[in-house]
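Chemist: For reference, the structure I am asking about is given below.
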Amino acid sequence: MGSVTATVAPATESNVILWFRTFGAIAGSGFRRYATYRQAAVAGAVTNTVFGFLRCYVLLAVAGAAGGAAGYDREQLATFVWAGQGLLAVVLLWGWTDLADRIRTGEVASDLLRPVHPVTSYLATDLGRAGWAGVSRLLPPVLVGPLFFDVHLPARWPTVPLFVTSVLLAVVLSFGCRFLVNATAYWLEDVRGPQILWVLASGMLAGLYFPLPFLPDAVYLALQFGTPFPSLLQIPLDVLVERDSTATQVGLVAVQVGWAAAVLALCRLVQRRAERRLVVQGG
């Protein structure tokens, strides 16, 4: 038994190292792939910055003479807007149809022949994309906003690592949701209907158009714990602006962990079911 254990342990450790190397290589290729679209990145950053001014003035008008609304002061609302404009491209709620397109053309069959599971492969690529978006799309609004508005800067040291962790979980969760929407192509072939529903629901319920605490408390809590949408934008932004205590921030990040794990597990289940019925022209 001792010799068997000694033989299996190094092999297992080697497999884990190989998995991380492969995952990192795919993520790096995703970063390089999206880094080639520099003009699109500049155009997107400018657009997000322009809309940042519009959204910021609207929310500050809501705060009005009272100086705050729904537990946010004026500085927190400004930070909510400008960080949200930058995170929109990092989290990427919309615009991803890579899997659906490959299912429609039959190219997805080549994904199934690769040694890496499709969910893992697409997730690694998406994390690379998010890394590039963090450089090209998050920084410009975050740097421009404080030049024109008073913003809230983190006052507690745990906020920064919690925010980074929260954003990473939001990217993973967003990928999982987009993967599920794309995977409907296995059954529907045309995913425009699910895509439209996803765009409407995610934009409204993730905290993009307005902070969700503006809603009645019962509705807000139902969305917070009963759906994954607030974990996409609302929770990372609430962590950043320090609307709640550190303990509550940790609890919110834990909610994200739960949703991310559940959605990724569902992605693998859906992919496994889809492979049983996948028919590609020519066999």
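Residues are referred to by chain and number: the chain letter is A, B, ... according to the order shown in the structure tokens, the number counts from 1 in that chain, and ligands are numbered separately from 1 in the order shown.
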At a cut-off of 10 Å, using only C-alpha atoms, what residues contact Pro154 of chain A? Leave out same-chain residues fewer than 4 positions from it and give the result as a PyMOL selection string.

Modeler: chain A and resi 158-160+239-242

Chemist: May I have a table of the residues of segment 99-196 of chain A lying at most 8 Å from segment 20-24 of chain A, giving each one's closest pair of atoms and their distance in Å to one decimal, counting only C-alpha atoms, ordered by chain and ascending residue number, as a Markdown table?

Modeler:
```
| residue | atom | partner | partner_atom | distance |
| --- | --- | --- | --- | --- |
| A:Thr120 | CA | A:Phe23 | CA | 7.7 |
| A:Ser121 | CA | A:Phe23 | CA | 7.3 |
| A:Ala124 | CA | A:Phe23 | CA | 5.9 |
```

Chemist: Which is closer to Leu127 of chain A than all the others in A:Thr246, A:Ser29, A:Asn48, A:Ser166, using only C-alpha atoms?

Modeler: A:Ser29

Chemist: Pick out the closest residue to Phe210 of chain A from this set: A:Pro228, A:Leu237, A:Ala109, A:Val142. Count only C-alpha atoms.

Modeler: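 With only C-alpha atoms as the atom set, the closest residue is A:Leu237.
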
Chemist: Quick one: pick out all strand (DSSP E) residues within segment 51-219 of chain A from a backbone DSSP run and write them as a ChimeraX atom specification.

Modeler: /A:68-69,72-73

Chemist: Give me a file of those residues, with N, CA and C atoms, as a CSV table (one decimal), in the first residue's frame.

Modeler:
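Output (result-v3.csv):
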```csv
chain,number,residue,atom,x,y,z
A,68,GLY,N,-28.0,62.2,-0.1
A,68,GLY,CA,-27.8,60.8,-0.2
A,68,GLY,C,-29.2,60.1,-0.5
A,69,ALA,N,-29.1,58.8,-0.8
A,69,ALA,CA,-30.3,58.0,-1.1
A,69,ALA,C,-30.0,56.6,-0.9
A,72,TYR,N,-26.7,55.5,0.4
A,72,TYR,CA,-25.5,56.0,-0.3
A,72,TYR,C,-25.4,57.5,-0.2
A,73,ASP,N,-24.2,58.0,0.1
A,73,ASP,CA,-24.0,59.4,0.1
A,73,ASP,C,-23.6,59.8,-1.4
```

Chemist: Find the distance between atom CA of Gln76 of chain A and atom CA of Leu93 of chain A and write it in Å to one decimal.

Modeler: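 It comes out at 22.9 Å.
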
Chemist: Between atom CA of Val181 of chain A and atom CA of Val135 of chain A, measure the distance and give it in Å to one decimal.

Modeler: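 So the answer is 26.9 Å.
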
Chemist: According to DSSP computed on the backbone, where in segment 52-278 of chain A is there helix (DSSP H, G or I)? Give the residues as a PyMOL selection string.

Modeler: chain A and resi 52-66+74-92+98-105+108-112+118-148+159-183+185-188+192-205+212-214+217-226+229-231+234-241+246-277

Chemist: Counting only C-alpha atoms, which of A:Ile235, A:Val191, A:Leu112, A:Ala183 gets nearest to Pro211 of chain A?

Modeler: A:Ile235

Chemist: At what distance in Å, to one decimal, does atom CA of Leu188 of chain A lie from atom CA of Leu99 of chain A?

Modeler: 13.2 Å

Chemist: Just want the 9 Å neighbourhood of Leu92 of chain A, counted on only C-alpha atoms, with same-chain residues fewer than 2 positions away dropped. Output as a PyMOL selection string.

Modeler: chain A and resi 87-90+94-96+130+171+174-175

Chemist: For the selection you just gave me, I'd like the residues written to a file as a CSV table (one decimal), in the first residue's frame, keeping C-alpha atoms.

Modeler:
```
chain,number,residue,atom,x,y,z
A,87,LEU,CA,-16.8,46.9,-14.8
A,88,LEU,CA,-19.4,46.7,-17.5
A,89,ALA,CA,-16.8,45.5,-20.0
A,90,VAL,CA,-14.9,43.5,-17.5
A,94,TRP,CA,-23.8,41.1,-23.2
A,95,GLY,CA,-22.3,40.5,-26.6
A,96,TRP,CA,-20.8,37.1,-26.3
A,130,ALA,CA,-11.5,40.1,-18.6
A,171,VAL,CA,-16.6,37.5,-14.1
A,174,SER,CA,-21.2,36.2,-15.8
A,175,PHE,CA,-19.4,33.7,-17.9
```

Chemist: Would you please work out which residue, of A:Arg273, A:Arg74, A:Arg178, A:Arg129, is nearest to Cys56 of chain A when using only C-alpha atoms?

Modeler: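 With only C-alpha atoms as the atom set, the closest residue is A:Arg74.
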
Chemist: Would you list the contacts of segment 143-151 of chain A as a compact mmCIF listing (two decimals) with all heavy atoms, in the first residue's frame, taking every protein, DNA or RNA residue within 7 Å and counting only C-alpha atoms, but skipping same-chain residues closer than 6 positions in sequence?

Modeler:
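The resulting result.txt:
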```txt
# COMPACT_ATOMS: atom_id res chain seq x y z
N GLU A 75 -20.76 60.88 -2.63
CA GLU A 75 -19.47 60.33 -3.07
C GLU A 75 -19.60 58.85 -3.41
O GLU A 75 -19.02 58.37 -4.39
CB GLU A 75 -18.42 60.54 -1.97
CG GLU A 75 -17.97 61.98 -1.78
CD GLU A 75 -19.00 62.80 -1.02
OE1 GLU A 75 -19.90 62.19 -0.39
OE2 GLU A 75 -18.92 64.05 -1.05
N GLN A 76 -20.36 58.11 -2.63
CA GLN A 76 -20.55 56.69 -2.90
C GLN A 76 -21.31 56.48 -4.21
O GLN A 76 -21.01 55.56 -4.97
CB GLN A 76 -21.28 56.02 -1.74
CG GLN A 76 -20.44 55.87 -0.49
CD GLN A 76 -21.24 55.36 0.68
OE1 GLN A 76 -22.39 55.76 0.88
NE2 GLN A 76 -20.65 54.48 1.47
N ALA A 78 -21.26 58.48 -6.79
CA ALA A 78 -20.34 58.78 -7.89
C ALA A 78 -19.40 57.60 -8.14
O ALA A 78 -19.16 57.21 -9.29
CB ALA A 78 -19.54 60.05 -7.58
N THR A 79 -18.88 57.03 -7.07
CA THR A 79 -18.01 55.86 -7.22
C THR A 79 -18.77 54.69 -7.82
O THR A 79 -18.25 53.96 -8.67
CB THR A 79 -17.43 55.45 -5.86
OG1 THR A 79 -16.68 56.55 -5.32
CG2 THR A 79 -16.51 54.24 -5.99
N TRP A 82 -19.02 55.37 -11.69
CA TRP A 82 -17.79 55.30 -12.49
C TRP A 82 -17.14 53.92 -12.44
O TRP A 82 -16.65 53.43 -13.47
CB TRP A 82 -16.82 56.38 -12.04
CG TRP A 82 -17.28 57.74 -12.44
CD1 TRP A 82 -17.85 58.69 -11.65
CD2 TRP A 82 -17.28 58.29 -13.76
NE1 TRP A 82 -18.19 59.79 -12.38
CE2 TRP A 82 -17.84 59.57 -13.70
CE3 TRP A 82 -16.84 57.81 -15.00
CZ2 TRP A 82 -17.99 60.39 -14.81
CZ3 TRP A 82 -16.97 58.63 -16.12
CH2 TRP A 82 -17.54 59.90 -16.01
```

Chemist: Quick one: everything within 10 Å of segment 254-257 of chain A, counting only C-alpha atoms, minus sequence neighbours fewer than 2 positions away in the same chain. Send it as a ChimeraX atom specification.

Modeler: /A:165-170,172-173,224-225,228-232,235-236,248-252,259-262

Chemist: Would you write out those residues with N, CA and C atoms, as an mmCIF file, in the first residue's frame?

Modeler:
```cif
data_model
loop_
_atom_site.group_PDB
_atom_site.id
_atom_site.type_symbol
_atom_site.label_atom_id
_atom_site.label_comp_id
_atom_site.auth_asym_id
_atom_site.auth_seq_id
_atom_site.Cartn_x
_atom_site.Cartn_y
_atom_site.Cartn_z
ATOM 1 N N THR A 165 -11.594 40.178 -5.295
ATOM 2 C CA THR A 165 -12.190 38.842 -5.261
ATOM 3 C C THR A 165 -13.615 38.872 -5.787
ATOM 4 N N SER A 166 -14.359 39.899 -5.401
ATOM 5 C CA SER A 166 -15.751 40.026 -5.832
ATOM 6 C C SER A 166 -15.848 40.199 -7.342
ATOM 7 N N VAL A 167 -14.949 40.991 -7.915
ATOM 8 C CA VAL A 167 -14.955 41.194 -9.371
ATOM 9 C C VAL A 167 -14.618 39.892 -10.085
ATOM 10 N N LEU A 168 -13.623 39.156 -9.583
ATOM 11 C CA LEU A 168 -13.264 37.880 -10.190
ATOM 12 C C LEU A 168 -14.446 36.912 -10.165
ATOM 13 N N LEU A 169 -15.141 36.844 -9.046
ATOM 14 C CA LEU A 169 -16.311 35.971 -8.951
ATOM 15 C C LEU A 169 -17.426 36.440 -9.885
ATOM 16 N N ALA A 170 -17.567 37.754 -10.029
ATOM 17 C CA ALA A 170 -18.587 38.283 -10.937
ATOM 18 C C ALA A 170 -18.282 37.893 -12.381
ATOM 19 N N VAL A 172 -16.593 35.201 -13.353
ATOM 20 C CA VAL A 172 -16.861 33.761 -13.462
ATOM 21 C C VAL A 172 -18.357 33.502 -13.553
ATOM 22 N N LEU A 173 -19.137 34.176 -12.720
ATOM 23 C CA LEU A 173 -20.587 33.989 -12.728
ATOM 24 C C LEU A 173 -21.198 34.486 -14.032
ATOM 25 N N GLN A 224 -31.354 39.749 -4.161
ATOM 26 C CA GLN A 224 -29.996 39.554 -3.650
ATOM 27 C C GLN A 224 -29.675 38.092 -3.381
ATOM 28 N N PHE A 225 -30.627 37.390 -2.772
ATOM 29 C CA PHE A 225 -30.361 36.017 -2.355
ATOM 30 C C PHE A 225 -31.080 34.975 -3.212
ATOM 31 N N PRO A 228 -29.028 35.235 -9.266
ATOM 32 C CA PRO A 228 -27.591 35.528 -9.379
ATOM 33 C C PRO A 228 -27.299 36.937 -9.897
ATOM 34 N N PHE A 229 -28.321 37.666 -10.326
ATOM 35 C CA PHE A 229 -28.076 38.936 -11.012
ATOM 36 C C PHE A 229 -27.336 39.977 -10.166
ATOM 37 N N PRO A 230 -27.721 40.236 -8.906
ATOM 38 C CA PRO A 230 -26.971 41.242 -8.129
ATOM 39 C C PRO A 230 -25.499 40.897 -7.945
ATOM 40 N N SER A 231 -25.157 39.616 -8.020
ATOM 41 C CA SER A 231 -23.754 39.219 -7.861
ATOM 42 C C SER A 231 -22.898 39.635 -9.043
ATOM 43 N N LEU A 232 -23.526 40.061 -10.139
ATOM 44 C CA LEU A 232 -22.774 40.431 -11.330
ATOM 45 C C LEU A 232 -22.189 41.840 -11.230
ATOM 46 N N ILE A 235 -23.165 43.675 -6.099
ATOM 47 C CA ILE A 235 -22.337 43.289 -4.948
ATOM 48 C C ILE A 235 -20.909 43.820 -5.069
ATOM 49 N N PRO A 236 -20.213 43.654 -6.212
ATOM 50 C CA PRO A 236 -18.865 44.242 -6.279
ATOM 51 C C PRO A 236 -18.852 45.743 -6.015
ATOM 52 N N THR A 248 -20.426 42.225 6.630
ATOM 53 C CA THR A 248 -21.452 42.115 5.590
ATOM 54 C C THR A 248 -20.817 41.993 4.214
ATOM 55 N N GLN A 249 -19.719 42.707 3.990
ATOM 56 C CA GLN A 249 -19.007 42.578 2.725
ATOM 57 C C GLN A 249 -18.560 41.138 2.497
ATOM 58 N N VAL A 250 -18.001 40.523 3.523
ATOM 59 C CA VAL A 250 -17.565 39.128 3.417
ATOM 60 C C VAL A 250 -18.766 38.228 3.113
ATOM 61 N N GLY A 251 -19.890 38.491 3.768
ATOM 62 C CA GLY A 251 -21.086 37.708 3.511
ATOM 63 C C GLY A 251 -21.573 37.843 2.080
ATOM 64 N N LEU A 252 -21.498 39.044 1.518
ATOM 65 C CA LEU A 252 -21.914 39.265 0.138
ATOM 66 C C LEU A 252 -21.010 38.511 -0.839
ATOM 67 N N TRP A 259 -23.222 31.252 -5.765
ATOM 68 C CA TRP A 259 -23.838 31.342 -7.092
ATOM 69 C C TRP A 259 -22.872 30.915 -8.185
ATOM 70 N N ALA A 260 -21.612 31.307 -8.075
ATOM 71 C CA ALA A 260 -20.634 30.937 -9.103
ATOM 72 C C ALA A 260 -20.462 29.426 -9.158
ATOM 73 N N ALA A 261 -20.345 28.788 -7.996
ATOM 74 C CA ALA A 261 -20.187 27.332 -7.964
ATOM 75 C C ALA A 261 -21.412 26.632 -8.529
ATOM 76 N N ALA A 262 -22.606 27.115 -8.171
ATOM 77 C CA ALA A 262 -23.840 26.488 -8.646
ATOM 78 C C ALA A 262 -23.995 26.629 -10.154
#
```

Chemist: List the neighbours of Phe31 of chain A out to 12 Å using only C-alpha atoms; skip same-chain residues closer than 2 positions along the sequence, and give me the result as an NGL selection string.

Modeler: :A and (24-29 or 33-37 or 124-136)

Chemist: Atoms to include: N, CA and C atoms. Write the selected residues as a PDB file, in the first residue's frame.

Modeler:
```
ATOM      1  N   GLY A  24      -3.721  28.411 -17.483  1.00  0.00           N
ATOM      2  CA  GLY A  24      -3.026  29.686 -17.635  1.00  0.00           C
ATOM      3  C   GLY A  24      -2.664  29.994 -19.065  1.00  0.00           C
ATOM      4  N   ALA A  25      -2.272  28.952 -19.825  1.00  0.00           N
ATOM      5  CA  ALA A  25      -1.926  29.170 -21.229  1.00  0.00           C
ATOM      6  C   ALA A  25      -3.147  29.604 -22.037  1.00  0.00           C
ATOM      7  N   ILE A  26      -4.287  28.997 -21.762  1.00  0.00           N
ATOM      8  CA  ILE A  26      -5.514  29.367 -22.477  1.00  0.00           C
ATOM      9  C   ILE A  26      -5.939  30.785 -22.093  1.00  0.00           C
ATOM     10  N   ALA A  27      -5.835  31.115 -20.792  1.00  0.00           N
ATOM     11  CA  ALA A  27      -6.174  32.474 -20.362  1.00  0.00           C
ATOM     12  C   ALA A  27      -5.248  33.499 -21.005  1.00  0.00           C
ATOM     13  N   GLY A  28      -3.965  33.167 -21.104  1.00  0.00           N
ATOM     14  CA  GLY A  28      -3.019  34.076 -21.755  1.00  0.00           C
ATOM     15  C   GLY A  28      -3.339  34.282 -23.218  1.00  0.00           C
ATOM     16  N   SER A  29      -3.749  33.216 -23.898  1.00  0.00           N
ATOM     17  CA  SER A  29      -4.117  33.356 -25.311  1.00  0.00           C
ATOM     18  C   SER A  29      -5.367  34.200 -25.449  1.00  0.00           C
ATOM     19  N   ARG A  33      -5.618  37.579 -27.580  1.00  0.00           N
ATOM     20  CA  ARG A  33      -6.631  37.660 -28.637  1.00  0.00           C
ATOM     21  C   ARG A  33      -7.402  38.967 -28.552  1.00  0.00           C
ATOM     22  N   TYR A  34      -7.880  39.310 -27.361  1.00  0.00           N
ATOM     23  CA  TYR A  34      -8.692  40.526 -27.228  1.00  0.00           C
ATOM     24  C   TYR A  34      -7.838  41.785 -27.215  1.00  0.00           C
ATOM     25  N   ALA A  35      -6.561  41.661 -26.898  1.00  0.00           N
ATOM     26  CA  ALA A  35      -5.683  42.827 -26.911  1.00  0.00           C
ATOM     27  C   ALA A  35      -5.405  43.318 -28.320  1.00  0.00           C
ATOM     28  N   THR A  36      -5.735  42.508 -29.329  1.00  0.00           N
ATOM     29  CA  THR A  36      -5.516  42.948 -30.709  1.00  0.00           C
ATOM     30  C   THR A  36      -6.555  43.969 -31.151  1.00  0.00           C
ATOM     31  N   TYR A  37      -7.694  44.040 -30.430  1.00  0.00           N
ATOM     32  CA  TYR A  37      -8.767  44.961 -30.815  1.00  0.00           C
ATOM     33  C   TYR A  37      -8.605  46.285 -30.074  1.00  0.00           C
ATOM     34  N   ALA A 124     -11.436  29.869 -19.156  1.00  0.00           N
ATOM     35  CA  ALA A 124     -10.069  30.390 -19.156  1.00  0.00           C
ATOM     36  C   ALA A 124      -9.918  31.519 -20.171  1.00  0.00           C
ATOM     37  N   THR A 125     -10.491  31.327 -21.360  1.00  0.00           N
ATOM     38  CA  THR A 125     -10.435  32.372 -22.382  1.00  0.00           C
ATOM     39  C   THR A 125     -11.129  33.640 -21.900  1.00  0.00           C
ATOM     40  N   ASP A 126     -12.265  33.468 -21.222  1.00  0.00           N
ATOM     41  CA  ASP A 126     -13.021  34.628 -20.758  1.00  0.00           C
ATOM     42  C   ASP A 126     -12.276  35.366 -19.655  1.00  0.00           C
ATOM     43  N   LEU A 127     -11.560  34.651 -18.814  1.00  0.00           N
ATOM     44  CA  LEU A 127     -10.760  35.321 -17.786  1.00  0.00           C
ATOM     45  C   LEU A 127      -9.629  36.127 -18.423  1.00  0.00           C
ATOM     46  N   GLY A 128      -9.042  35.601 -19.503  1.00  0.00           N
ATOM     47  CA  GLY A 128      -8.041  36.379 -20.233  1.00  0.00           C
ATOM     48  C   GLY A 128      -8.636  37.633 -20.829  1.00  0.00           C
ATOM     49  N   ARG A 129      -9.841  37.501 -21.393  1.00  0.00           N
ATOM     50  CA  ARG A 129     -10.545  38.671 -21.932  1.00  0.00           C
ATOM     51  C   ARG A 129     -10.793  39.702 -20.841  1.00  0.00           C
ATOM     52  N   ALA A 130     -11.247  39.220 -19.659  1.00  0.00           N
ATOM     53  CA  ALA A 130     -11.524  40.134 -18.556  1.00  0.00           C
ATOM     54  C   ALA A 130     -10.252  40.848 -18.094  1.00  0.00           C
ATOM     55  N   GLY A 131      -9.114  40.150 -18.150  1.00  0.00           N
ATOM     56  CA  GLY A 131      -7.858  40.779 -17.781  1.00  0.00           C
ATOM     57  C   GLY A 131      -7.520  41.951 -18.688  1.00  0.00           C
ATOM     58  N   TRP A 132      -7.711  41.768 -19.994  1.00  0.00           N
ATOM     59  CA  TRP A 132      -7.473  42.865 -20.934  1.00  0.00           C
ATOM     60  C   TRP A 132      -8.473  43.995 -20.718  1.00  0.00           C
ATOM     61  N   ALA A 133      -9.744  43.638 -20.461  1.00  0.00           N
ATOM     62  CA  ALA A 133     -10.756  44.668 -20.231  1.00  0.00           C
ATOM     63  C   ALA A 133     -10.451  45.463 -18.967  1.00  0.00           C
ATOM     64  N   GLY A 134      -9.853  44.809 -17.971  1.00  0.00           N
ATOM     65  CA  GLY A 134      -9.488  45.528 -16.763  1.00  0.00           C
ATOM     66  C   GLY A 134      -8.469  46.621 -17.026  1.00  0.00           C
ATOM     67  N   VAL A 135      -7.602  46.381 -17.989  1.00  0.00           N
ATOM     68  CA  VAL A 135      -6.586  47.379 -18.335  1.00  0.00           C
ATOM     69  C   VAL A 135      -7.155  48.456 -19.253  1.00  0.00           C
ATOM     70  N   SER A 136      -7.903  48.036 -20.261  1.00  0.00           N
ATOM     71  CA  SER A 136      -8.314  48.958 -21.321  1.00  0.00           C
ATOM     72  C   SER A 136      -9.667  49.620 -21.097  1.00  0.00           C
TER      73      SER A 136
END
```
